Structures are given as structure tokens and as C-alpha cells.
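> A single structure is presented below for examination.
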Amino acid sequence: MTNTFLDKTVAITGASGGIGQALCRQLGARGARIAALDRSDAVLAFADQLNSEGIEARGAIADITDQHAVAAAFASFGDVHVLVNNAGFSDQGTLAVTDPEGWRRHVDGNLNGAYNCVHAVLPQMVARKAGSIVTVGSVNGLGALGDPAYSAAKAGLISLTRALALEYGRYGIRANIVLPGTVRTPIWTERIRKDPDVLKRLERWYPLGRVAEPEDVAEAIVFLASDAARAITGAALPVDCGLTAGNIVMARELTLEDF
Ligand SMILES: NC(=O)c1ccc[n+]([C@@H]2O[C@H](COP(=O)([O-])OP(=O)(O)OC[C@H]3O[C@@H](n4cnc5c(N)ncnc54)[C@H](O)[C@@H]3O)[C@@H](O)[C@H]2O)c1
């Protein structure tokens with residue numbers, strides 16, 4: 001059970017970020033070879049670190065918005081059995097502060113870049129008649145929670161996932177997406193700088209009373225990527241500490257109960 005990914009290479013984008021690092025370690029612990037891609041050159045030192053921890057890893061610097069850089073990175077990885085589309089970002093919180101360049105940048109970095117990676121790995125997965133693609137979406141892809149350009153791109157990723165599931169199931173390729181709520185990672189660095197208590201205050205919106213840790217999201221991705229999820233494709237799985245189960249803040253106000 002622990003070696004679920006033995007003899008498999010898993011390519012992970014955004015590998016040197018918060019969720020990416022947790023994921024590389026959890027997959028590596030289950031026997032996967034890691035193909036770590038990131039636009040940050042920190043990915044090379046991170047791959048070295050994984051190797052020193054006994055996890056076979058190779059790093060590649062590429063921006064997923066650059067189709068040619070993505071193709072070159074995947075060529076350097078060789079066989080890829082699982083792709084995790086994890087790279088993403090957001091830095092424009094409202095429509096009012098979003099400009100056309102920002103809108104394009106978010107759709108490029110969160111949606112088009114994932115498509116570029118899918119495009120790079122699909123031919124070998126089709127030839128092998130096997131493959132698993134897991135994408136990191138967001139609860140922002142389900143409803144308006146700010147960051148509108150990011151949210152539109154994340155909604156697009158749900159659609160891409162479903163299209164992949166429909167069209168490539170006959171080749172034994174599965175595609176699923178996880179939808180995290182708030183996760184304690186460096187993506188929050190800038191907002192924590194502006195408001196050190198932001199994550200603490202967000203906790204009251206979560207029925208589990210906490211935000212997620214990177215390892216929580218990684219566990220769900222590992223499951224969906226693995227053969228244990230062999231009958232699951234086209235699924236959009238919230239990993240959100242209960243956020244999308246309802247509105248707990250409103251429920252408390254409606255019922256006048258403190259739960
Ligand atoms: N942290 C959260 O609260 C949260 C919530 C929902 C969804 N997510 C999603 O989880 C994923 C991982 O984010 P994280 O929280 O670990 O953030 P992070 O900032 O720690 O990591 C993101 C990584 O992606 C890389 N990256 C960004 N754009 C890239 C590009 N164009 N090409 C290549 N690499 C790129 C960054 O260099 C970074 O290493 C993202 O898709 C994010 O949208 C995060």
C-alpha cells in the first residue's frame with residue numbers, strides 16, 4: 001500500500017510551493033519518482049533536497065504559460081504516468097483592481113498553463129493507454145469569493161477536467177480536480193503581511209474550525225492520482241474543511257445557536 005507509485009513518474013507543477021512540496025514528499029514516500037516543475041529556480045535546490053531525503057527527483061524550471069518551455073521540460077522528464085497541475089497564483093482581489101493585463105495573466109497562469117501541461121503529456125498517456133491527471137482548482141471555481149480573474153480560471157479548470165474525463169476515459173486516462181478552501185501556504189504571504197490575523201479570522205467560516213494545511217490537500221491528491229481511485233474520473237472534490245457544505249456563519253445567525 002505504501003508503494004502505490006512504485007515505478008511511476010509523477011510530474012508536479014508549482015512543485016516548490018507550499019502544496020507542491022508536501023505533495024512531492026507524500027508521493028515520494030509512496031515510491032514515486034518526482035518530476036518537479038516550477039517557474040522559480042528554487043525547484044532545482046528542492047529536487048536536490050528530495051534526492052538527499054531518498055526520493056528520486058528531477059527538477060525543471062519552466063513557466064507553464066510558455067508552451068515551448070513546458071514541452072522542453074516534459075521532454076526532459078521522459079515517461080510521465082501522473083500529472084498534477086498544481087501551479088497557480090492570484091494577486092488581484094476584486095474586479096475593480098483587475099485590469100485587462102491582469103485578467104489575461106491570471107487566465108494564462110491558472111488555466112492556459114494547465115492546458116499546456118495536459119497537452120504535453122496526453123500523447124504518451126494515450127499511447128500507454130493509462131494515465132492520471134489531478135488538477136488543483138479552488139472553491140473559488142464554484143462561487144464568488146473574491147479574486148475574480150483567478151476564480152474564472154479555476155472554474156475553467158473544472159470544465160477542462162470534465163472534458164478530459166469524457167474524452168480520454170476510453171484510453172484509461174482519469175482526470176479529477178481538488179477544490180481547496182484556504183490552505184496555509186506561501187500564497188498568503190502578501191496578505192499576511194497586510195493583515196497578520198487574516199488566516200485566524202477566516203477560520204470561523206469553516207465548519208471544522210480551521211484552515212487546511214498543505215499536507216491535507218496533498219493526501220486528497222495522492223488518493224485521486226493513485227489506482228485506489230481507479231473508478232473515479234471527472235470528480236471535483238472539495239478539500240475545504242466543510243466550507244462548501246453550507247454557510248456556517250449565516251446558519252449561526254439564523255438559528256441564534258452558537259455551534
Ligand atoms: N493556499 C491556498 O489557500 C489555496 C486555496 C485554493 C487553491 N490553491 C491552489 O493551490 C495551488 C498551489 O498553491 P500554494 O498555496 O501551494 O501556493 P504557493 O505560492 O506556495 O505555490 C505555488 C507555486 O506555483 C509556482 N508557480 C506559479 N505560477 C507558475 C507558473 N506560471 N509556472 C510555473 N510555476 C508557477 C510558484 O513559483 C510556486 O512555487 C495553486 O494552484 C493555488 O491556486 C491554494
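Letters A, B, ... mark the chains of the C-alpha cells in the order given; residue numbers begin at 1 per chain; ligand numbers begin at 1, in order shown.
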For segment 92-107 of chain A, list every protein, DNA or RNA residue within 8 Å, evaluated using only C-alpha atoms, and leave out those in the same chain fewer than 3 positions away; present the list as a ChimeraX atom specification.
/A:89,110-112,146-150,152-153
> Could you give me, as an NGL selection string, each residue of segment 14-99 of chain A that DSSP assigns to strand (DSSP E or B) when run on this structure's backbone?
:A and (33-38 or 57-61 or 82-85)
> Enumerate as number ranges by chain the residues within 7 Å of ligand 1, counting only C-alpha atoms and all ligand atoms.
A: 13-20, 37-40, 62-65, 86-89, 109-110, 113, 136-139, 179-188, 214
> Excluding Lys129 of chain A and any residue of its chain fewer than 2 positions from it, enumerate the residues within 12 Å of it, using only C-alpha atoms, and give them as a list in words.
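After dropping sequence-adjacent residues, the list is His81, Leu122, Pro123, Gln124, Met125, Val126, Ala127, Gly131, Ser132, Tyr168, Gly169, Arg170, Tyr171, Gly172, Ile173 and Arg174 of chain A.
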> As an NGL selection string, which residues of segment 8-256 of chain A does DSSP assign to alpha helix (DSSP H)?
:A and (18-29 or 42-52 or 67-77 or 100-107 or 113-128 or 148-168 or 189-194 or 198-202 or 214-225 or 248-255)
> Would you mind exporting C-alpha atoms of the selected residues as an mmCIF file, in the first residue's frame?

```cif
data_model
loop_
_atom_site.group_PDB
_atom_site.id
_atom_site.type_symbol
_atom_site.label_atom_id
_atom_site.label_comp_id
_atom_site.auth_asym_id
_atom_site.auth_seq_id
_atom_site.Cartn_x
_atom_site.Cartn_y
_atom_site.Cartn_z
ATOM 1 C CA GLY A 18 3.525 25.010 -0.253
ATOM 2 C CA ILE A 19 1.170 22.312 -1.570
ATOM 3 C CA GLY A 20 3.749 21.254 -4.191
ATOM 4 C CA GLN A 21 6.427 20.433 -1.614
ATOM 5 C CA ALA A 22 4.035 18.480 0.600
ATOM 6 C CA LEU A 23 2.816 16.573 -2.431
ATOM 7 C CA CYS A 24 6.309 15.702 -3.666
ATOM 8 C CA ARG A 25 7.172 14.295 -0.231
ATOM 9 C CA GLN A 26 3.945 12.307 0.148
ATOM 10 C CA LEU A 27 4.211 10.853 -3.360
ATOM 11 C CA GLY A 28 7.908 10.167 -2.889
ATOM 12 C CA ALA A 29 7.155 8.318 0.356
ATOM 13 C CA ALA A 42 14.189 27.138 -6.094
ATOM 14 C CA VAL A 43 12.817 23.980 -7.713
ATOM 15 C CA LEU A 44 16.346 22.774 -8.520
ATOM 16 C CA ALA A 45 17.523 23.038 -4.908
ATOM 17 C CA PHE A 46 14.257 21.426 -3.807
ATOM 18 C CA ALA A 47 14.818 18.466 -6.171
ATOM 19 C CA ASP A 48 18.341 18.100 -4.718
ATOM 20 C CA GLN A 49 16.836 18.161 -1.241
ATOM 21 C CA LEU A 50 14.348 15.401 -2.171
ATOM 22 C CA ASN A 51 17.180 13.260 -3.555
ATOM 23 C CA SER A 52 19.103 13.743 -0.308
ATOM 24 C CA GLN A 67 4.069 26.268 -24.242
ATOM 25 C CA HIS A 68 7.586 25.691 -25.597
ATOM 26 C CA ALA A 69 9.232 25.767 -22.171
ATOM 27 C CA VAL A 70 6.607 23.290 -20.943
ATOM 28 C CA ALA A 71 7.239 20.970 -23.910
ATOM 29 C CA ALA A 72 11.006 21.102 -23.261
ATOM 30 C CA ALA A 73 10.546 20.387 -19.543
ATOM 31 C CA PHE A 74 8.305 17.385 -20.205
ATOM 32 C CA ALA A 75 10.734 16.105 -22.850
ATOM 33 C CA SER A 76 13.435 16.194 -20.168
ATOM 34 C CA PHE A 77 11.205 14.199 -17.782
ATOM 35 C CA PRO A 100 -7.096 43.575 -18.870
ATOM 36 C CA GLU A 101 -3.429 42.630 -18.496
ATOM 37 C CA GLY A 102 -4.136 41.179 -15.043
ATOM 38 C CA TRP A 103 -7.157 39.237 -16.270
ATOM 39 C CA ARG A 104 -5.072 37.688 -19.061
ATOM 40 C CA ARG A 105 -2.194 36.938 -16.688
ATOM 41 C CA HIS A 106 -4.496 35.067 -14.275
ATOM 42 C CA VAL A 107 -6.246 33.089 -17.009
ATOM 43 C CA GLY A 113 -0.784 26.883 -18.338
ATOM 44 C CA ALA A 114 -2.517 23.756 -17.025
ATOM 45 C CA TYR A 115 -3.813 23.105 -20.529
ATOM 46 C CA ASN A 116 -0.233 23.408 -21.856
ATOM 47 C CA CYS A 117 0.889 20.694 -19.414
ATOM 48 C CA VAL A 118 -2.042 18.434 -20.298
ATOM 49 C CA HIS A 119 -1.233 18.919 -23.973
ATOM 50 C CA ALA A 120 2.381 17.947 -23.319
ATOM 51 C CA VAL A 121 1.595 14.634 -21.538
ATOM 52 C CA LEU A 122 -1.554 13.367 -23.246
ATOM 53 C CA PRO A 123 0.117 11.757 -26.299
ATOM 54 C CA GLN A 124 2.287 9.448 -24.166
ATOM 55 C CA MET A 125 -0.630 8.609 -21.852
ATOM 56 C CA VAL A 126 -2.807 7.766 -24.870
ATOM 57 C CA ALA A 127 -0.022 5.585 -26.317
ATOM 58 C CA ARG A 128 0.302 3.794 -22.954
ATOM 59 C CA PRO A 148 -12.439 37.162 -9.897
ATOM 60 C CA ALA A 149 -9.889 36.517 -12.657
ATOM 61 C CA TYR A 150 -8.356 33.671 -10.619
ATOM 62 C CA SER A 151 -11.852 32.326 -9.897
ATOM 63 C CA ALA A 152 -12.844 32.365 -13.561
ATOM 64 C CA ALA A 153 -9.677 30.456 -14.403
ATOM 65 C CA LYS A 154 -10.315 27.928 -11.596
ATOM 66 C CA ALA A 155 -13.886 27.427 -12.882
ATOM 67 C CA GLY A 156 -12.347 26.789 -16.286
ATOM 68 C CA LEU A 157 -10.159 24.069 -14.753
ATOM 69 C CA ILE A 158 -13.273 22.207 -13.569
ATOM 70 C CA SER A 159 -14.547 22.316 -17.136
ATOM 71 C CA LEU A 160 -11.192 21.158 -18.541
ATOM 72 C CA THR A 161 -11.177 18.258 -16.054
ATOM 73 C CA ARG A 162 -14.654 17.115 -17.093
ATOM 74 C CA ALA A 163 -13.784 17.366 -20.800
ATOM 75 C CA LEU A 164 -10.675 15.245 -20.217
ATOM 76 C CA ALA A 165 -12.670 12.648 -18.270
ATOM 77 C CA LEU A 166 -15.238 12.321 -21.040
ATOM 78 C CA GLU A 167 -12.910 12.256 -23.988
ATOM 79 C CA TYR A 168 -9.947 10.277 -22.658
ATOM 80 C CA THR A 189 2.467 35.780 2.343
ATOM 81 C CA GLU A 190 1.457 39.142 0.884
ATOM 82 C CA ARG A 191 -1.980 39.180 2.557
ATOM 83 C CA ILE A 192 -0.483 38.095 5.903
ATOM 84 C CA ARG A 193 1.975 40.976 5.556
ATOM 85 C CA LYS A 194 -1.008 43.364 5.222
ATOM 86 C CA VAL A 198 -6.149 37.022 8.167
ATOM 87 C CA LEU A 199 -5.972 33.209 8.394
ATOM 88 C CA LYS A 200 -7.109 33.211 12.029
ATOM 89 C CA ARG A 201 -10.183 35.300 11.153
ATOM 90 C CA LEU A 202 -11.041 33.078 8.189
ATOM 91 C CA PRO A 214 -0.692 21.669 2.599
ATOM 92 C CA GLU A 215 -0.462 18.008 3.722
ATOM 93 C CA ASP A 216 -4.289 17.780 3.885
ATOM 94 C CA VAL A 217 -4.607 18.756 0.232
ATOM 95 C CA ALA A 218 -1.693 16.543 -0.774
ATOM 96 C CA GLU A 219 -3.401 13.471 0.783
ATOM 97 C CA ALA A 220 -6.510 14.000 -1.348
ATOM 98 C CA ILE A 221 -4.409 14.474 -4.488
ATOM 99 C CA VAL A 222 -2.391 11.335 -3.736
ATOM 100 C CA PHE A 223 -5.622 9.325 -3.425
ATOM 101 C CA LEU A 224 -7.099 10.650 -6.685
ATOM 102 C CA ALA A 225 -3.789 10.143 -8.507
ATOM 103 C CA ILE A 248 -21.913 28.300 8.932
ATOM 104 C CA VAL A 249 -21.702 32.000 9.800
ATOM 105 C CA MET A 250 -25.191 32.606 8.395
ATOM 106 C CA ALA A 251 -26.532 29.378 9.967
ATOM 107 C CA ARG A 252 -25.356 30.540 13.398
ATOM 108 C CA GLU A 253 -27.083 33.904 12.866
ATOM 109 C CA LEU A 254 -30.276 32.319 11.532
ATOM 110 C CA THR A 255 -30.679 29.774 14.326
#
```
> If you measure from atom CA of Gly246 of chain A to atom CA of Asn85 of chain A, what distance in Å do you get, rounded to one decimal?
27.4 Å
> Would you please work out which residue, of A:Asp79, A:Glu53, A:Glu257, A:Asp108, is nearest to Thr9 of chain A when using only C-alpha atoms?
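The closest residue to Thr9 of chain A is A:Asp79.
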> Kindly give the distance, in Å, that separates atom CA of Leu83 of chain A and atom CA of Thr135 of chain A, rounded to a single decimal.
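A separation of 8.1 Å between them.
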> Which one is closest to Trp205 of chain A: A:Asn176, A:Asn247, A:Thr4, A:Asn140? Count only C-alpha atoms.
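Using only C-alpha atoms, Trp205 of chain A sits closest to A:Asn247.
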> Identify which of the residues A:Ala32, A:Leu208, A:Val178, A:Ile61 lies closest to Ala235 of chain A, counting only C-alpha atoms when measuring atom-to-atom distances.
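Checking each candidate against Ala235 of chain A, we get A:Val178 as the closest.
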> May I ask which of the residues A:Asp91, A:Asp240, A:Asp7, A:Asp258 is the closest one to Ala212 of chain A, counting only C-alpha atoms?
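Counting only C-alpha atoms, the residue closest to Ala212 of chain A is A:Asp240.
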